[in-house]
Amino acid sequence: MKHPAAESTTVRQAVPVADGRDSRPEPVEAAGRAPRSWWRHPAVVRTVAGLLILVVWQVVVEATAKSYVTRPTGVIKVIPSVLTEHLFLSDIGTTLTAVIEGLAMATVIGTVVGLLVGRLPDVRRILGMYVNGVYAMPIIAVVPLLTVWFGYTPTARLVVIVLEASLPVIYNVAEGARTVPRTYLEVTRIHRAPWWRVWFGVVLPASLPYVLAGIDLAIGRALIGAVVAEFIASINGLGYYILFNVNSFHEDRAIVALIVLALFAIVLRALVNLVIRRVLVWYRPV
Amino acid sequence: MTSTAAAKIQVRNLSKAYGDKEVFRDLTFDVAEGEIVSIVGPSGCGKTTLLRSVVGLVNPTSGSVAINAQQVLEPTEGVAMVFQHFGLFPWKTVAANVAYGLTVQGVSRRASAPRVQELIDLVGLQGFEKAYPHQLSGGMQQRAGLARALAIEPSVLVMDEPFASLDAQTRDILQLEVLRIWESRPTAMMFVTHSIDEAVLMGDRIVILSGRPSQIFDVVDVNIQRPRERSTVDSERFRVVRDYVWNAVMKDTNRLVTEPDHSGQAASSGH
Amino acid sequence: MPRQGARSRVHLAAWHRVRAVAGYTVGIAAGVIAWQLVGEHSEQQIFVPLTDTLHRLGELISDGTLGGALANSFATYGVGMFIALVVGAFGGLLLARSELIRTAFEPYLTGLYAAPMVALIPFLLAFLGFGFWPKSIVVALFAFFPVLLNTQRGAQSIAPELLDVARLYHTREKDLWIHVIAPYTLPFFMTGVRQALARGLVGMIAADIFLSANGLGGLLITASQFFDTAEMLATVLVITAAGIALMAIGNLIERRFARWKVDQ
């Protein structure tokens with residue numbers, strides 16, 4: 001079963017390089033340079049760039065678009081009232097709880113399926129085509145159908161999240177299970193360990209870095225699933241908050257929600273990557 | 001020395017092929033109680049495959065292996081192995097790794113603790129019981145691997161190029177360490193290595209493989225007294241044996257198809 | 001080797017092949033049977049059997065609905081992908097080449113990438129409207145990031161020795177780009193293309209659903225409004241097939257150019 005790994009390159013990069021796709025080699029030009037002028041300092045440059053973006057945004061919108069289209073000044077004005085709005089805060093809670101629940105379920109399901117598919121060629125041949133199919137299909141295409149089955153309820157959103165988030169876990173765990181170092185398995189065979197000791201005592205722990213790498217990638221997909229479900233099924237949450245406010249000409253409020261969504265993704269991934277870094281210390285090859 | 005009734009490991013006409021590719025053919029030799037037999041040969045001669053066939057990790061194409069007079073079809077009781085890449089589980093402590101063989105047999109942690117501690121002390125890892133493999137050097141990990149192998153009180157011990165992943169100094173140290181530990185409890189041992197010096201230093205007898213497919217070129221009695229030391233490598237006998245083996249391994253033996261050639265030089269041979 | 005050994009080796013190989021084929025067959029058969037059975041034992045609005053789905057698919061093809069939808073969808077897809085590839089490639093090269101720009105904009109790009117793209121759609125809809133070009137922009141937005149990131153990573157990872165060699169021969173900047181940087185970066189760009197193909201499809205369906213619904217996504221919406229489960233399932237099948245096809249094409253493209261890729 002091929003292993004596409006959507007947002008990032010393969011787990012072989014995610015596992016040894018704990019920062020995942022955000023890790024980049026040092027730029028060539030920086031090597032051995034004289035101390036840079038103060039205005040080249042990252043903090044300065046980034047602030048300037050940020051201001052530039054805001055200015056361009058403001059100017060373009062003012063000049064070309066209608067009054068309800070969001071602009072920086074509008075967003076800033078609205079931030080205090082949004083952050084204290086009861087509905088907003090409860091929507092944060094709803095969506096984020098759903099995402100975390102979904103991630104937890106996806107981890108379990110993904111690990112089990114991944115282990116089976118990775119180590120048992122028969123299972124891989126039978127299930128592989130379906131896993132690939134679900135992976136290739138934009139989840140948004142089945143949400144209407146899911147709402148027919150589960151109604152316009154939080155359950156539908158949870159199903160979407162679990163579907164979306166399981167896939168990277170399955171692929172990564174399958175890769176990990178398939179590549180359990182031969183020596184470990186020989187140790188179990190020499191000691192004539194029973195099958196459950198092999199699976200739970202060796203295959204599963206050996207796949208732990210891959211489970212984590214899968215979760216790292218699953219976070220983004222889980223958020224997408226949550227937003228898509230809320231959009232289509234009008235389920236209360238941050239996504240629906242965005243839709244509702246855009247449609248009622250309160251785009252500035254919606255931007256705040258968007259920023260919270262992005263922040264949530266960044267924080268969650270940072271947490272997972274922290275765990276990955278600590279766990280990888282165990283697995284660093286000798 | 002080699003009365004078959006006493007032999008712990010009996011290899012008879014062992015052959016292994018993968019598809020059309022024959023790795024080794026018609027190997028026959030014994031490993032007796034309390035004896036170390038070194039297996040040596042050029043790269044790709046299948047010594048690792050041979051070792052795995054002996055312990056039952058790989059099934060031979062023909063021929064048989066018997067350990068303790070029981071035919072080996074899969075890994076059997078009382079056989080322990082030390083691996084080239086150590087094979088310690090990174091998520092277990094040293095103590096847990098050493099205890100693994102006993103844990104698998106259902107022995108509780110408390111019951112196995114004294115034996116585990118005794119072995120950790122024996123291999124020189126006192127103080128590292130709660131350490132994790134990533135905190136240990138290669139040499140220390142291999143010591144732990146040895147302790148794990150000894151924990152199950154094996155009747156047969158096999159080592160698969162155990163020092164190949166270590167630097168030269170660690171290798172020298174561990175060779176003598178392993179011999180010291182082995183002396184305290186001599187077990188029938190099959191020792192595979194690509195280093196001829198190592199084979200002579202460690203072994204009581206040396207099985208020399210050569211040719212394609214590999215066959216036994218000769219089996220050499222090392223005949224050097226134990227305990228062996230660093231100075232052993234300077235002895236006359238060592239040099240004689242080592243040169244013989246070296247020539248045997250290096251020379252072109254494509255003509256070797258059926259009978260091994262008894263060149264009968266300075267070393268005597270035994271089957 | 002005794003002949004018996006040779007024969008049993010052949011038997012072993014044949015058994016493995018039979019087992020492999022059996023695995024795939026069981027997989028397909030199980031899916032087909034399950035679809036059929038579940039369909040027959042559910043209400044029409046919930047699920048329909050495979051046979052009904054395929055029948056409906058046939059109808060959609062013969063009356064031209066599917067053809068029209070595909071044409072509309074992939075028109076926006078093509079334009080959007082083109083924009084994404086061009087902008088992504090140039091952006092990636094720019095980021096790789098200029099440390100200043102890279103440092104300056106990196107946090108904002110990371111932030112934008114972290115936000116679920118779908119969440120941006122309502123804004124785009126309000127800002128740009130319904131038509132063909134807004135939909136293409138949505139596709140481009142979804143597809144652009146993998147191209148950007150991969151191209152940047154590729155261009156950035158050129159071993160300094162290669163650049164030094166070029167400079168040693170007094171290569172002009174323009175030629176540096178043509179003869180060193182572009183060929184080196186190309187395989188990475190192709191990896192980005194592979195990932196972008198899949199994400200662009202998501203954008204395409206999303207654009208169909210939220211902006212003007214005249215493509216595959218539109219079929220989906222209409223079908224769900226009329227509770228026509230057969231049509232919904234048929235459309236999902238087509239979309240999945242498109243997804244699988246794009247995945248295969250992406251893999252082929254990436255592999256074709258991976259030959260001289262320098263692994264990190």
# chains A, B, ... in the order shown; residues from 1 in each chain; ligands from 1

call {"tool": "residues_around", "arguments": {"residues": "range 207-211 of chain A", "least_positions_apart": "5", "cutoff": "8 Å", "atoms": "only C-alpha atoms", "output": "short mmCIF file (atom, residue, chain, number, x, y, z; two decimals) with C-alpha atoms, in the first residue's frame"}}
result
data_model
loop_
_atom_site.label_atom_id
_atom_site.label_comp_id
_atom_site.auth_asym_id
_atom_site.auth_seq_id
_atom_site.Cartn_x
_atom_site.Cartn_y
_atom_site.Cartn_z
CA VAL A 11 7.38 9.75 8.17
CA VAL A 15 10.43 10.66 12.81
CA THR A 107 -5.30 7.48 17.29
CA THR A 111 -3.03 2.46 15.38
CA VAL A 169 -2.17 7.63 11.65
CA ASN A 172 2.39 6.17 9.51
CA VAL A 173 1.72 3.28 11.89
CA GLU A 175 4.99 2.08 7.85
CA GLY A 176 6.32 1.75 11.38
CA ALA A 177 4.87 -1.71 11.88
CA VAL A 180 10.07 -2.98 12.88
CA ILE A 276 7.98 13.48 19.80
CA VAL A 279 10.22 10.12 22.88
CA LEU A 280 12.70 10.09 20.04
#

call {"tool": "interface_residues", "arguments": {"of": "chain C", "to": "chain A", "cutoff": "6 Å", "atoms": "only C-alpha atoms", "output": "VMD selection string"}}
result
chain C and resid 23 to 24 27 104 114 to 116 202 240 243 to 244

call {"tool": "closest_atom_pairs", "arguments": {"of": "chain A", "to": "chain B", "cutoff": "8 Å", "atoms": "only C-alpha atoms", "output": "Markdown table"}}
result
| residue | atom | partner | partner_atom | distance |
| --- | --- | --- | --- | --- |
| A:Thr183 | CA | B:Gly87 | CA | 5.4 |
| A:Tyr184 | CA | B:Gly87 | CA | 5.5 |
| A:Glu186 | CA | B:Leu57 | CA | 7.4 |
| A:Val187 | CA | B:Gly87 | CA | 6.8 |
| A:Arg189 | CA | B:Pro75 | CA | 6.7 |
| A:Ile190 | CA | B:Pro75 | CA | 5.4 |
| A:His191 | CA | B:Gly101 | CA | 5.9 |
| A:Arg192 | CA | B:Pro75 | CA | 6.6 |
| A:Ala193 | CA | B:Val104 | CA | 5.8 |
| A:Pro194 | CA | B:Val104 | CA | 8.0 |
| A:Arg197 | CA | B:Val104 | CA | 7.8 |
| A:Val202 | CA | B:Phe89 | CA | 7.8 |
| A:Pro205 | CA | B:Trp91 | CA | 7.2 |
| A:Val281 | CA | B:His134 | CA | 7.3 |
| A:Trp282 | CA | B:Pro90 | CA | 5.7 |
| A:Tyr283 | CA | B:Pro90 | CA | 6.0 |
| A:Arg284 | CA | B:His134 | CA | 6.8 |
| A:Pro285 | CA | B:His134 | CA | 7.6 |
| A:Val286 | CA | B:His134 | CA | 6.8 |

call {"tool": "closest_atom_pairs", "arguments": {"of": "chain B", "to": "chain C", "cutoff": "10 Å", "atoms": "only C-alpha atoms", "output": "Markdown table"}}
result
| residue | atom | partner | partner_atom | distance |
| --- | --- | --- | --- | --- |
| B:Ser15 | CA | C:Met1 | CA | 9.4 |
| B:Ala17 | CA | C:Met1 | CA | 9.1 |
| B:Tyr18 | CA | C:Arg9 | CA | 8.9 |
| B:Gly19 | CA | C:Arg9 | CA | 6.7 |
| B:Asp20 | CA | C:Ala6 | CA | 8.4 |
| B:Glu22 | CA | C:Met1 | CA | 9.0 |
| B:Arg25 | CA | C:Met1 | CA | 9.5 |
| B:Thr61 | CA | C:Gly5 | CA | 7.4 |
| B:Ser62 | CA | C:Gly5 | CA | 8.3 |

call {"tool": "write_last_selection", "arguments": {"atoms": "C-alpha atoms", "output": "PDB file, in the first residue's frame"}}
result
ATOM      1  CA  SER B  15      22.288 -26.639   2.706  1.00  0.00           C
ATOM      2  CA  ALA B  17      19.270 -21.851  -1.139  1.00  0.00           C
ATOM      3  CA  TYR B  18      17.091 -18.849  -1.857  1.00  0.00           C
ATOM      4  CA  GLY B  19      15.296 -19.637  -5.077  1.00  0.00           C
ATOM      5  CA  ASP B  20      18.047 -20.536  -7.501  1.00  0.00           C
ATOM      6  CA  GLU B  22      22.625 -21.506  -3.287  1.00  0.00           C
ATOM      7  CA  ARG B  25      25.964 -26.538   0.681  1.00  0.00           C
ATOM      8  CA  THR B  61      16.709 -26.329   2.236  1.00  0.00           C
ATOM      9  CA  SER B  62      18.114 -29.712   3.170  1.00  0.00           C
TER      10      SER B  62
END
